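Shown next, in structure tokens, is the structure this report addresses.
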Amino acid sequence: MEFEFSKRLQSLPPYLFLEIDKAKRKARSEGRDIIDFGIGDPDQPTPKYIIDSLNKAANDPANHRYALDQGMPVLRQSIAKWYKNRFNVVLDTETEILPLIGSKEGIAHFPLAFLNPGDYSLVPDPCYPPYKGGTIFAGGNVHIMPLLEQNDFLPDLKMIPADVLKKAKVIYINYPNNPTGAVADKAFYERVVAFAKKHNLIVLSDLAYSEMSYDGYKPMSLLEVEGARDVGIEFHSHSKTFNMTGWRVGWACGNKKLVAGLAKVKSNIDSGIFSAIQVCAVTALDADPKFVQQMRGLYQERRDVLVDGLNNLGWDAHKPKATFYVWVKVQSKQSSIEFAAMLLEKANLVVTPGVGFGASGEGYVRFALTVPKERITEALERLRKVL
Ligand SMILES: *Cc1c(COP(=O)(O)O)cnc(C)c1O
């Protein structure tokens, strides 16, 4: 029997990390002491009060059955309360909030609800891969909006051709940004909302890093902008904020019709989130924000050690105001893949080549601050010897 992958699967962007993954596995199998800045996953454990909450909830038979597609009312209420406290935005718990099995799931499924074959998505580049993948799975076309350093890694909306705009349905925005660490101000969100209204676009805002910010900076929500609710849906995640990446829980909120469309797709695909996990999601949102503050302090300290250290080596590195990523220019004439391969070979360091996030990421590598301070210092020492 000969099976062929579907055209959709075949048209996904190529996976560019194969070589690096192979080299990393080889290095590990040889027992080399690898310092891995490649992982966008908190290294610290989920806080104990959340684990205790799971133990309790898992023992309750009421949580053993199919969950409601629209999520538990108590979780939607907790999300609404958190949103009001954090952004001063009031959400309707019945129609404007949808819990998700992690925000990636919702982001990837969303285009199925609103894109027809041939429609366009406007996607930043470099970017989190599901923006492109979700569009392609829905039969849509990806139009790339390059994020350039000279524009502070914000998309230049004027550069989008009129014929693409006519067929465009969705614009993706992600600030604080993975992988560049860039942030956006209110004026940017206002521009995007006005642009979306003018061109009849849905604004999909990915706010996975809303709580991971430094030096007192506080990221804002798209929904704080007047009129955003007419065009926007925002995706949030427990993953990074509460060290819960493996738990798979997050939510979407915003425009009723957009929330309803995603809910309808999901009700045909999954059957809700394990209720015990939803209980934990409430525990996390309702808890004292002290834990999140501690995490911010931890990442900020690591950021300072890494960026100051790189600059002492003569690199031109910048301190991100948010996210746990440091996005730096390749320090040679090599491509980002060659540079990353060289760092692995010569210094046993793993960094992510920028081109893996899209063509506009070429010329950069991403360091994730998911490595303890002492190991960052050790990595800087190795870089000093190599470069
Ligand atoms: C980590 C991350 C997410 C979160 O994904 P989950 O599925 O909620 O774990 C979403 N968007 C971006 C840009 C991310 O980096």
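Labeling convention for the structure tokens: chains A, B, ... as they appear, residues from 1 per chain, ligands from 1 in order of appearance.
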Practice task
Show which residues sit within 10 Å of A:Glu105, as a list in words. Count only C-alpha atoms, and ignore same-chain residues fewer than 2 positions away.
Solution key: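 Residues meeting the cut-off are Leu100, Ile101, Gly102, Ser103, Ile107, Ala108, His109, Phe110, Pro130, Gly134, Arg248, Val249, Gly250, Trp251 and Lys266 of chain A.
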Please write the residues from the selection above to a file, keeping C-alpha atoms, as a PDB file, in the first residue's frame.
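Writing the result to selection12.pdb gives the following:
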```pdb
ATOM      1  CA  LEU A 100      -9.363  25.979  25.357  1.00  0.00           C
ATOM      2  CA  ILE A 101      -7.128  22.908  25.529  1.00  0.00           C
ATOM      3  CA  GLY A 102      -4.173  25.286  25.473  1.00  0.00           C
ATOM      4  CA  SER A 103      -4.218  28.373  23.302  1.00  0.00           C
ATOM      5  CA  ILE A 107      -5.351  29.402  17.434  1.00  0.00           C
ATOM      6  CA  ALA A 108      -4.898  26.478  15.033  1.00  0.00           C
ATOM      7  CA  HIS A 109      -8.622  25.673  14.860  1.00  0.00           C
ATOM      8  CA  PHE A 110      -9.866  29.256  14.568  1.00  0.00           C
ATOM      9  CA  PRO A 130       0.302  27.683  14.211  1.00  0.00           C
ATOM     10  CA  GLY A 134      -3.981  26.822  10.981  1.00  0.00           C
ATOM     11  CA  ARG A 248      -3.084  22.192  28.338  1.00  0.00           C
ATOM     12  CA  VAL A 249      -5.403  24.999  29.324  1.00  0.00           C
ATOM     13  CA  GLY A 250      -6.019  28.520  28.088  1.00  0.00           C
ATOM     14  CA  TRP A 251      -8.889  30.544  26.661  1.00  0.00           C
ATOM     15  CA  LYS A 266     -14.358  22.677  18.652  1.00  0.00           C
TER      16      LYS A 266
END
```
Practice task
Could you pull out the residues sitting within 7 Å of ligand 1, using only C-alpha atoms and all ligand atoms, and write them as a list of chain:residue names?
Solution key: A:Gly40, A:Gly102, A:Ser103, A:Lys104, A:Glu105, A:Tyr128, A:Asn174, A:Asn177, A:Asn178, A:Asp206, A:Leu207, A:Ala208, A:His236, A:Ser237, A:His238, A:Ser239, A:Lys240, A:Thr245, A:Arg248, A:Val249, A:Gly250
What does the file look like for those residues with N, CA, C and O atoms, as a compact mmCIF listing (two decimals), in the first residue's frame?
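Wrote it out as part38.txt, contents follow:
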```
# COMPACT_ATOMS: atom_id res chain seq x y z
N GLY A 40 11.28 26.84 24.71
CA GLY A 40 10.30 27.86 25.08
C GLY A 40 9.30 27.31 26.08
O GLY A 40 8.09 27.42 25.88
N GLY A 102 -5.39 24.55 25.84
CA GLY A 102 -4.17 25.29 25.47
C GLY A 102 -4.50 26.24 24.35
O GLY A 102 -5.38 25.97 23.52
N SER A 103 -3.83 27.39 24.31
CA SER A 103 -4.22 28.37 23.30
C SER A 103 -3.80 27.96 21.89
O SER A 103 -4.43 28.34 20.91
N LYS A 104 -2.77 27.12 21.76
CA LYS A 104 -2.36 26.65 20.44
C LYS A 104 -3.51 25.95 19.71
O LYS A 104 -3.73 26.17 18.52
N GLU A 105 -4.21 25.13 20.47
CA GLU A 105 -5.35 24.41 19.91
C GLU A 105 -6.37 25.39 19.33
O GLU A 105 -6.81 25.25 18.18
N TYR A 128 5.05 32.49 15.65
CA TYR A 128 4.65 31.22 16.26
C TYR A 128 3.98 30.39 15.15
O TYR A 128 3.02 30.86 14.51
N ASN A 174 0.77 39.42 17.75
CA ASN A 174 1.28 38.71 18.92
C ASN A 174 2.31 39.60 19.62
O ASN A 174 3.48 39.61 19.27
N ASN A 177 5.94 39.61 21.81
CA ASN A 177 6.12 38.75 20.65
C ASN A 177 7.10 37.60 20.87
O ASN A 177 8.20 37.78 21.38
N ASN A 178 6.67 36.45 20.43
CA ASN A 178 7.56 35.31 20.26
C ASN A 178 7.82 35.21 18.77
O ASN A 178 6.87 35.12 18.00
N ASP A 206 -2.72 37.24 19.99
CA ASP A 206 -2.18 36.16 20.83
C ASP A 206 -1.44 36.80 21.99
O ASP A 206 -0.38 37.39 21.81
N LEU A 207 -2.02 36.68 23.19
CA LEU A 207 -1.46 37.36 24.37
C LEU A 207 -0.87 36.36 25.38
O LEU A 207 -1.01 36.53 26.59
N ALA A 208 -0.20 35.35 24.84
CA ALA A 208 0.35 34.29 25.71
C ALA A 208 1.34 34.83 26.74
O ALA A 208 1.53 34.23 27.79
N HIS A 236 -5.39 33.58 25.28
CA HIS A 236 -4.59 33.59 26.51
C HIS A 236 -4.26 32.17 26.91
O HIS A 236 -4.95 31.24 26.54
N SER A 237 -3.22 32.08 27.72
CA SER A 237 -2.75 30.75 28.07
C SER A 237 -2.30 30.69 29.51
O SER A 237 -1.69 31.63 30.02
N HIS A 238 -2.59 29.58 30.18
CA HIS A 238 -2.02 29.36 31.51
C HIS A 238 -0.56 28.90 31.42
O HIS A 238 0.15 28.87 32.42
N SER A 239 -0.14 28.51 30.22
CA SER A 239 1.13 27.78 30.06
C SER A 239 2.33 28.52 30.62
O SER A 239 3.05 27.99 31.47
N LYS A 240 2.57 29.72 30.13
CA LYS A 240 3.79 30.43 30.50
C LYS A 240 3.62 31.12 31.84
O LYS A 240 4.51 31.13 32.67
N THR A 245 2.65 24.47 31.05
CA THR A 245 2.61 24.12 29.62
C THR A 245 2.04 22.72 29.36
O THR A 245 1.30 22.53 28.41
N ARG A 248 -2.23 21.87 29.47
CA ARG A 248 -3.08 22.19 28.34
C ARG A 248 -4.36 22.93 28.74
O ARG A 248 -5.47 22.36 28.74
N VAL A 249 -4.22 24.18 29.08
CA VAL A 249 -5.40 25.00 29.32
C VAL A 249 -5.11 26.47 29.02
O VAL A 249 -4.00 26.96 29.24
N GLY A 250 -6.09 27.11 28.43
CA GLY A 250 -6.02 28.52 28.09
C GLY A 250 -7.43 28.97 27.71
O GLY A 250 -8.40 28.25 27.99
```
Handout entry: Contact residues around stretch 284-291 of chain A with only C-alpha atoms at 9 Å, ignoring same-chain residues under 3 positions, as an MDAnalysis selection string
Key = chainID A and resid 47 49:50 78:79 81:82 238 242 279:281 294:296
Could those residues be written to a file, using all heavy atoms, as a tab-separated table (two decimals), in the first residue's frame?
```tsv
chain	number	residue	atom	x	y	z
A	47	PRO	N	3.38	25.58	40.43
A	47	PRO	CA	3.34	25.80	41.88
A	47	PRO	C	2.51	24.75	42.62
A	47	PRO	O	1.55	24.20	42.08
A	47	PRO	CB	2.71	27.19	42.03
A	47	PRO	CG	2.31	27.64	40.67
A	47	PRO	CD	2.92	26.73	39.67
A	49	TYR	N	0.37	24.80	45.03
A	49	TYR	CA	-1.08	24.95	45.30
A	49	TYR	C	-1.91	24.52	44.11
A	49	TYR	O	-3.05	24.09	44.25
A	49	TYR	CB	-1.42	26.38	45.77
A	49	TYR	CG	-1.02	27.49	44.82
A	49	TYR	CD1	-1.86	27.89	43.78
A	49	TYR	CD2	0.20	28.16	44.96
A	49	TYR	CE1	-1.49	28.90	42.91
A	49	TYR	CE2	0.57	29.17	44.10
A	49	TYR	CZ	-0.28	29.54	43.08
A	49	TYR	OH	0.09	30.54	42.21
A	50	ILE	N	-1.34	24.58	42.91
A	50	ILE	CA	-2.08	24.13	41.73
A	50	ILE	C	-2.07	22.59	41.66
A	50	ILE	O	-3.09	21.96	41.35
A	50	ILE	CB	-1.51	24.77	40.45
A	50	ILE	CG1	-1.65	26.30	40.52
A	50	ILE	CG2	-2.20	24.21	39.21
A	50	ILE	CD1	-1.05	27.05	39.34
A	78	SER	N	-14.18	33.00	36.52
A	78	SER	CA	-12.86	33.33	37.04
A	78	SER	C	-12.04	34.10	35.99
A	78	SER	O	-11.32	35.05	36.31
A	78	SER	CB	-12.17	32.03	37.45
A	78	SER	OG	-10.83	32.22	37.68
A	79	ILE	N	-12.17	33.69	34.74
A	79	ILE	CA	-11.50	34.40	33.64
A	79	ILE	C	-12.01	35.84	33.55
A	79	ILE	O	-11.22	36.80	33.45
A	79	ILE	CB	-11.70	33.66	32.30
A	79	ILE	CG1	-10.93	32.33	32.29
A	79	ILE	CG2	-11.30	34.53	31.11
A	79	ILE	CD1	-11.29	31.38	31.17
A	81	LYS	N	-13.32	37.66	35.88
A	81	LYS	CA	-12.84	38.43	37.04
A	81	LYS	C	-11.37	38.83	36.85
A	81	LYS	O	-10.97	39.96	37.09
A	81	LYS	CB	-13.01	37.58	38.31
A	81	LYS	CG	-13.00	38.38	39.59
A	81	LYS	CD	-13.37	37.51	40.79
A	81	LYS	CE	-12.18	36.68	41.18
A	81	LYS	NZ	-12.40	35.53	42.02
A	82	TRP	N	-10.58	37.87	36.39
A	82	TRP	CA	-9.15	38.13	36.16
A	82	TRP	C	-8.98	39.23	35.11
A	82	TRP	O	-8.17	40.13	35.26
A	82	TRP	CB	-8.48	36.82	35.72
A	82	TRP	CG	-7.00	36.91	35.56
A	82	TRP	CD1	-6.06	36.73	36.54
A	82	TRP	CD2	-6.27	37.23	34.37
A	82	TRP	NE1	-4.80	36.90	36.02
A	82	TRP	CE2	-4.90	37.20	34.69
A	82	TRP	CE3	-6.64	37.51	33.05
A	82	TRP	CZ2	-3.90	37.46	33.74
A	82	TRP	CZ3	-5.66	37.76	32.11
A	82	TRP	CH2	-4.29	37.74	32.46
A	238	HIS	N	-2.59	29.58	30.18
A	238	HIS	CA	-2.02	29.36	31.51
A	238	HIS	C	-0.56	28.90	31.42
A	238	HIS	O	0.15	28.87	32.42
A	238	HIS	CB	-2.82	28.27	32.25
A	238	HIS	CG	-4.13	28.75	32.81
A	238	HIS	ND1	-5.15	29.21	32.02
A	238	HIS	CD2	-4.56	28.83	34.10
A	238	HIS	CE1	-6.16	29.55	32.80
A	238	HIS	NE2	-5.84	29.33	34.06
A	242	PHE	N	1.78	30.42	34.51
A	242	PHE	CA	1.73	29.60	35.73
A	242	PHE	C	2.59	28.34	35.63
A	242	PHE	O	2.37	27.39	36.38
A	242	PHE	CB	0.27	29.24	36.04
A	242	PHE	CG	-0.64	30.42	36.18
A	242	PHE	CD1	-1.60	30.69	35.21
A	242	PHE	CD2	-0.52	31.30	37.26
A	242	PHE	CE1	-2.44	31.79	35.33
A	242	PHE	CE2	-1.36	32.40	37.38
A	242	PHE	CZ	-2.32	32.65	36.42
A	279	VAL	N	-10.70	23.12	37.05
A	279	VAL	CA	-10.69	23.55	38.46
A	279	VAL	C	-9.32	24.17	38.78
A	279	VAL	O	-9.22	25.21	39.43
A	279	VAL	CB	-11.00	22.35	39.39
A	279	VAL	CG1	-10.75	22.72	40.85
A	279	VAL	CG2	-12.43	21.87	39.18
A	280	CYS	N	-8.25	23.52	38.28
A	280	CYS	CA	-6.90	24.04	38.52
A	280	CYS	C	-6.68	25.37	37.82
A	280	CYS	O	-5.96	26.25	38.33
A	280	CYS	CB	-5.84	23.05	38.04
A	280	CYS	SG	-5.92	21.50	38.93
A	281	ALA	N	-7.29	25.52	36.65
A	281	ALA	CA	-7.18	26.78	35.93
A	281	ALA	C	-7.79	27.92	36.75
A	281	ALA	O	-7.26	29.04	36.78
A	281	ALA	CB	-7.86	26.66	34.57
A	294	GLN	N	7.23	36.51	41.39
A	294	GLN	CA	8.51	35.82	41.62
A	294	GLN	C	9.11	35.35	40.30
A	294	GLN	O	10.31	35.46	40.07
A	294	GLN	CB	8.29	34.58	42.50
A	294	GLN	CG	8.33	34.87	43.97
A	294	GLN	CD	7.84	33.65	44.76
A	294	GLN	OE1	7.60	32.58	44.20
A	294	GLN	NE2	7.66	33.83	46.05
A	295	MET	N	8.27	34.80	39.43
A	295	MET	CA	8.75	34.31	38.14
A	295	MET	C	9.31	35.46	37.30
A	295	MET	O	10.34	35.33	36.66
A	295	MET	CB	7.63	33.61	37.36
A	295	MET	CG	7.26	32.25	37.91
A	295	MET	SD	8.66	31.10	37.84
A	295	MET	CE	8.96	30.87	39.55
A	296	ARG	N	8.60	36.59	37.33
A	296	ARG	CA	9.09	37.76	36.60
A	296	ARG	C	10.48	38.15	37.09
A	296	ARG	O	11.37	38.45	36.30
A	296	ARG	CB	8.14	38.95	36.80
A	296	ARG	CG	6.92	38.92	35.91
A	296	ARG	CD	6.25	40.29	35.87
A	296	ARG	NE	5.41	40.49	37.05
A	296	ARG	CZ	4.09	40.27	37.07
A	296	ARG	NH1	3.47	39.90	35.97
A	296	ARG	NH2	3.40	40.46	38.16
```
Handout entry: strand (DSSP E) per DSSP on the backbone: members of stretch 181-362 of chain A, as a ChimeraX atom specification
Key = /A:202-206,232-237,250-254,325-329,349-350,352-353
Output N, CA, C and O atoms for every residue in that selection, as an mmCIF file, in the first residue's frame.
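Result written to out_20.cif:
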```cif
data_model
loop_
_atom_site.group_PDB
_atom_site.id
_atom_site.type_symbol
_atom_site.label_atom_id
_atom_site.label_comp_id
_atom_site.auth_asym_id
_atom_site.auth_seq_id
_atom_site.Cartn_x
_atom_site.Cartn_y
_atom_site.Cartn_z
ATOM 1 N N ILE A 202 -10.810 40.220 10.683
ATOM 2 C CA ILE A 202 -10.808 39.755 12.066
ATOM 3 C C ILE A 202 -9.405 39.982 12.628
ATOM 4 O O ILE A 202 -8.416 39.667 11.960
ATOM 5 N N VAL A 203 -9.319 40.528 13.846
ATOM 6 C CA VAL A 203 -8.015 40.658 14.495
ATOM 7 C C VAL A 203 -7.865 39.527 15.509
ATOM 8 O O VAL A 203 -8.668 39.412 16.437
ATOM 9 N N LEU A 204 -6.854 38.697 15.303
ATOM 10 C CA LEU A 204 -6.564 37.633 16.252
ATOM 11 C C LEU A 204 -5.315 38.029 17.043
ATOM 12 O O LEU A 204 -4.228 38.100 16.485
ATOM 13 N N SER A 205 -5.517 38.334 18.320
ATOM 14 C CA SER A 205 -4.407 38.760 19.175
ATOM 15 C C SER A 205 -3.986 37.600 20.073
ATOM 16 O O SER A 205 -4.804 37.044 20.806
ATOM 17 N N ASP A 206 -2.724 37.236 19.991
ATOM 18 C CA ASP A 206 -2.183 36.158 20.827
ATOM 19 C C ASP A 206 -1.440 36.802 21.989
ATOM 20 O O ASP A 206 -0.377 37.392 21.809
ATOM 21 N N GLY A 232 -12.315 41.822 17.204
ATOM 22 C CA GLY A 232 -11.194 41.080 17.771
ATOM 23 C C GLY A 232 -11.528 39.883 18.627
ATOM 24 O O GLY A 232 -12.576 39.802 19.275
ATOM 25 N N ILE A 233 -10.591 38.947 18.610
ATOM 26 C CA ILE A 233 -10.616 37.820 19.538
ATOM 27 C C ILE A 233 -9.193 37.684 20.086
ATOM 28 O O ILE A 233 -8.225 37.861 19.349
ATOM 29 N N GLU A 234 -9.076 37.414 21.396
ATOM 30 C CA GLU A 234 -7.765 37.364 22.014
ATOM 31 C C GLU A 234 -7.557 35.992 22.662
ATOM 32 O O GLU A 234 -8.478 35.445 23.256
ATOM 33 N N PHE A 235 -6.346 35.486 22.511
ATOM 34 C CA PHE A 235 -6.010 34.157 23.032
ATOM 35 C C PHE A 235 -5.047 34.273 24.208
ATOM 36 O O PHE A 235 -4.035 34.968 24.122
ATOM 37 N N HIS A 236 -5.391 33.581 25.282
ATOM 38 C CA HIS A 236 -4.592 33.594 26.513
ATOM 39 C C HIS A 236 -4.259 32.173 26.914
ATOM 40 O O HIS A 236 -4.954 31.240 26.541
ATOM 41 N N SER A 237 -3.219 32.079 27.722
ATOM 42 C CA SER A 237 -2.754 30.749 28.072
ATOM 43 C C SER A 237 -2.297 30.690 29.515
ATOM 44 O O SER A 237 -1.687 31.631 30.018
ATOM 45 N N GLY A 250 -6.094 27.113 28.433
ATOM 46 C CA GLY A 250 -6.019 28.520 28.088
ATOM 47 C C GLY A 250 -7.426 28.968 27.706
ATOM 48 O O GLY A 250 -8.400 28.248 27.994
ATOM 49 N N TRP A 251 -7.547 30.138 27.086
ATOM 50 C CA TRP A 251 -8.889 30.544 26.661
ATOM 51 C C TRP A 251 -8.823 31.574 25.539
ATOM 52 O O TRP A 251 -7.796 32.195 25.302
ATOM 53 N N ALA A 252 -9.969 31.705 24.856
ATOM 54 C CA ALA A 252 -10.145 32.785 23.890
ATOM 55 C C ALA A 252 -11.251 33.673 24.420
ATOM 56 O O ALA A 252 -12.172 33.208 25.105
ATOM 57 N N CYS A 253 -11.183 34.984 24.100
ATOM 58 C CA CYS A 253 -12.265 35.864 24.511
ATOM 59 C C CYS A 253 -12.352 37.043 23.554
ATOM 60 O O CYS A 253 -11.399 37.352 22.845
ATOM 61 N N GLY A 254 -13.525 37.650 23.528
ATOM 62 C CA GLY A 254 -13.715 38.801 22.657
ATOM 63 C C GLY A 254 -15.052 38.726 21.936
ATOM 64 O O GLY A 254 -16.049 38.245 22.502
ATOM 65 N N TYR A 325 12.313 35.581 25.880
ATOM 66 C CA TYR A 325 13.190 35.367 24.736
ATOM 67 C C TYR A 325 14.125 36.553 24.513
ATOM 68 O O TYR A 325 13.709 37.700 24.638
ATOM 69 N N VAL A 326 15.371 36.231 24.167
ATOM 70 C CA VAL A 326 16.316 37.261 23.740
ATOM 71 C C VAL A 326 16.632 36.959 22.274
ATOM 72 O O VAL A 326 17.063 35.858 21.929
ATOM 73 N N TRP A 327 16.356 37.929 21.427
ATOM 74 C CA TRP A 327 16.454 37.780 19.973
ATOM 75 C C TRP A 327 17.671 38.568 19.523
ATOM 76 O O TRP A 327 17.677 39.797 19.653
ATOM 77 N N VAL A 328 18.705 37.879 19.100
ATOM 78 C CA VAL A 328 19.945 38.596 18.781
ATOM 79 C C VAL A 328 20.437 38.275 17.378
ATOM 80 O O VAL A 328 20.242 37.178 16.862
ATOM 81 N N LYS A 329 21.115 39.253 16.821
ATOM 82 C CA LYS A 329 21.706 39.098 15.495
ATOM 83 C C LYS A 329 22.806 38.042 15.510
ATOM 84 O O LYS A 329 23.569 37.944 16.459
ATOM 85 N N LEU A 349 26.271 24.700 23.068
ATOM 86 C CA LEU A 349 25.124 25.560 23.381
ATOM 87 C C LEU A 349 24.049 25.358 22.331
ATOM 88 O O LEU A 349 24.343 25.313 21.131
ATOM 89 N N VAL A 350 22.802 25.257 22.776
ATOM 90 C CA VAL A 350 21.686 25.191 21.840
ATOM 91 C C VAL A 350 20.961 26.526 21.829
ATOM 92 O O VAL A 350 20.554 27.027 22.881
ATOM 93 N N THR A 352 18.014 28.729 19.086
ATOM 94 C CA THR A 352 17.101 28.429 17.981
ATOM 95 C C THR A 352 17.400 29.356 16.805
ATOM 96 O O THR A 352 17.376 30.579 16.970
ATOM 97 N N PRO A 353 17.656 28.803 15.616
ATOM 98 C CA PRO A 353 17.913 29.655 14.450
ATOM 99 C C PRO A 353 16.654 30.419 14.062
ATOM 100 O O PRO A 353 15.570 29.843 13.960
#
```
Identify, on the basis of only C-alpha atoms, every residue whose closest approach to A:Phe367 does not exceed 12 Å; exclude the query and any residue fewer than 3 positions from it along the same chain; express the result as a compact mmCIF listing (two decimals) with N, CA and C atoms, in the first residue's frame.
```txt
# COMPACT_ATOMS: atom_id res chain seq x y z
N ILE A 35 24.09 23.11 27.14
CA ILE A 35 23.24 24.14 27.77
C ILE A 35 22.21 24.54 26.73
N ASP A 36 20.94 24.30 27.05
CA ASP A 36 19.88 24.38 26.03
C ASP A 36 19.05 25.67 26.18
N PHE A 37 19.34 26.65 25.32
CA PHE A 37 18.54 27.88 25.29
C PHE A 37 17.43 27.78 24.25
N GLY A 38 17.18 26.54 23.78
CA GLY A 38 16.22 26.36 22.69
C GLY A 38 14.79 26.19 23.16
N ILE A 39 14.60 25.97 24.46
CA ILE A 39 13.30 25.50 24.91
C ILE A 39 12.39 26.63 25.38
N GLY A 40 11.28 26.84 24.71
CA GLY A 40 10.30 27.86 25.08
C GLY A 40 9.30 27.31 26.08
N ASP A 41 9.81 26.75 27.14
CA ASP A 41 8.96 26.05 28.12
C ASP A 41 9.58 26.33 29.49
N ASN A 178 6.67 36.45 20.43
CA ASN A 178 7.56 35.31 20.26
C ASN A 178 7.82 35.21 18.77
N PRO A 179 9.04 35.24 18.27
CA PRO A 179 10.32 35.09 18.98
C PRO A 179 11.08 36.37 19.26
N THR A 180 10.60 37.56 18.84
CA THR A 180 11.47 38.74 18.87
C THR A 180 11.52 39.43 20.24
N GLY A 181 10.57 39.13 21.12
CA GLY A 181 10.51 39.81 22.41
C GLY A 181 9.96 41.23 22.32
N ARG A 302 17.81 36.61 34.94
CA ARG A 302 18.48 35.82 33.89
C ARG A 302 18.70 36.68 32.64
N ARG A 303 17.67 37.44 32.29
CA ARG A 303 17.77 38.32 31.13
C ARG A 303 18.96 39.25 31.26
N LEU A 306 22.31 37.44 30.91
CA LEU A 306 22.59 37.04 29.53
C LEU A 306 22.89 38.24 28.64
N VAL A 307 22.01 39.24 28.67
CA VAL A 307 22.18 40.37 27.75
C VAL A 307 23.42 41.19 28.11
N LEU A 310 26.38 39.12 26.96
CA LEU A 310 26.58 39.12 25.51
C LEU A 310 27.16 40.45 25.06
N ALA A 317 23.15 43.05 21.89
CA ALA A 317 21.94 42.41 22.38
C ALA A 317 21.08 43.44 23.12
N HIS A 318 19.77 43.25 23.08
CA HIS A 318 18.84 44.19 23.74
C HIS A 318 18.02 43.46 24.77
N LYS A 319 17.69 44.19 25.86
CA LYS A 319 16.87 43.58 26.90
C LYS A 319 15.40 43.66 26.52
N PRO A 320 14.73 42.53 26.34
CA PRO A 320 13.30 42.59 26.03
C PRO A 320 12.52 43.09 27.24
N THR A 323 8.29 38.76 27.57
CA THR A 323 8.58 37.38 27.08
C THR A 323 9.86 36.85 27.72
N PHE A 324 10.10 35.57 27.56
CA PHE A 324 11.39 35.07 28.06
C PHE A 324 12.32 34.71 26.91
N TYR A 325 12.31 35.58 25.88
CA TYR A 325 13.19 35.37 24.74
C TYR A 325 14.12 36.55 24.51
N VAL A 326 15.37 36.23 24.17
CA VAL A 326 16.32 37.26 23.74
C VAL A 326 16.63 36.96 22.27
N TRP A 327 16.36 37.93 21.43
CA TRP A 327 16.45 37.78 19.97
C TRP A 327 17.67 38.57 19.52
N VAL A 328 18.71 37.88 19.10
CA VAL A 328 19.95 38.60 18.78
C VAL A 328 20.44 38.27 17.38
N LYS A 329 21.11 39.25 16.82
CA LYS A 329 21.71 39.10 15.50
C LYS A 329 22.81 38.04 15.51
N VAL A 330 22.86 37.28 14.44
CA VAL A 330 23.94 36.31 14.23
C VAL A 330 25.26 37.08 14.21
N ALA A 340 23.92 28.55 14.59
CA ALA A 340 23.44 27.70 15.69
C ALA A 340 24.19 26.37 15.71
N LEU A 349 26.27 24.70 23.07
CA LEU A 349 25.12 25.56 23.38
C LEU A 349 24.05 25.36 22.33
N VAL A 350 22.80 25.26 22.78
CA VAL A 350 21.69 25.19 21.84
C VAL A 350 20.96 26.53 21.83
N VAL A 351 20.85 27.14 20.65
CA VAL A 351 19.99 28.32 20.44
C VAL A 351 19.11 27.99 19.24
N THR A 352 18.01 28.73 19.09
CA THR A 352 17.10 28.43 17.98
C THR A 352 17.40 29.36 16.81
N PRO A 353 17.66 28.80 15.62
CA PRO A 353 17.91 29.66 14.45
C PRO A 353 16.65 30.42 14.06
N GLY A 354 16.78 31.73 13.84
CA GLY A 354 15.63 32.57 13.57
C GLY A 354 14.82 32.16 12.36
N TYR A 364 19.06 36.06 12.69
CA TYR A 364 18.90 36.14 14.15
C TYR A 364 18.89 34.74 14.77
N THR A 370 15.17 30.02 29.82
CA THR A 370 14.68 28.89 30.61
C THR A 370 15.85 28.09 31.18
N VAL A 371 16.96 28.79 31.41
CA VAL A 371 18.20 28.19 31.88
C VAL A 371 18.61 28.93 33.17
N ILE A 376 23.79 30.16 32.64
CA ILE A 376 23.94 31.26 31.68
C ILE A 376 25.37 31.81 31.77
N ALA A 379 27.58 29.51 30.05
CA ALA A 379 27.42 29.63 28.59
C ALA A 379 28.20 30.83 28.07
```
Handout entry: All residues 10 Å or closer to A:Val265, only C-alpha atoms, same chain fewer than 5 positions away omitted, as a ChimeraX atom specification
Key = /A:106,109-113,260,270
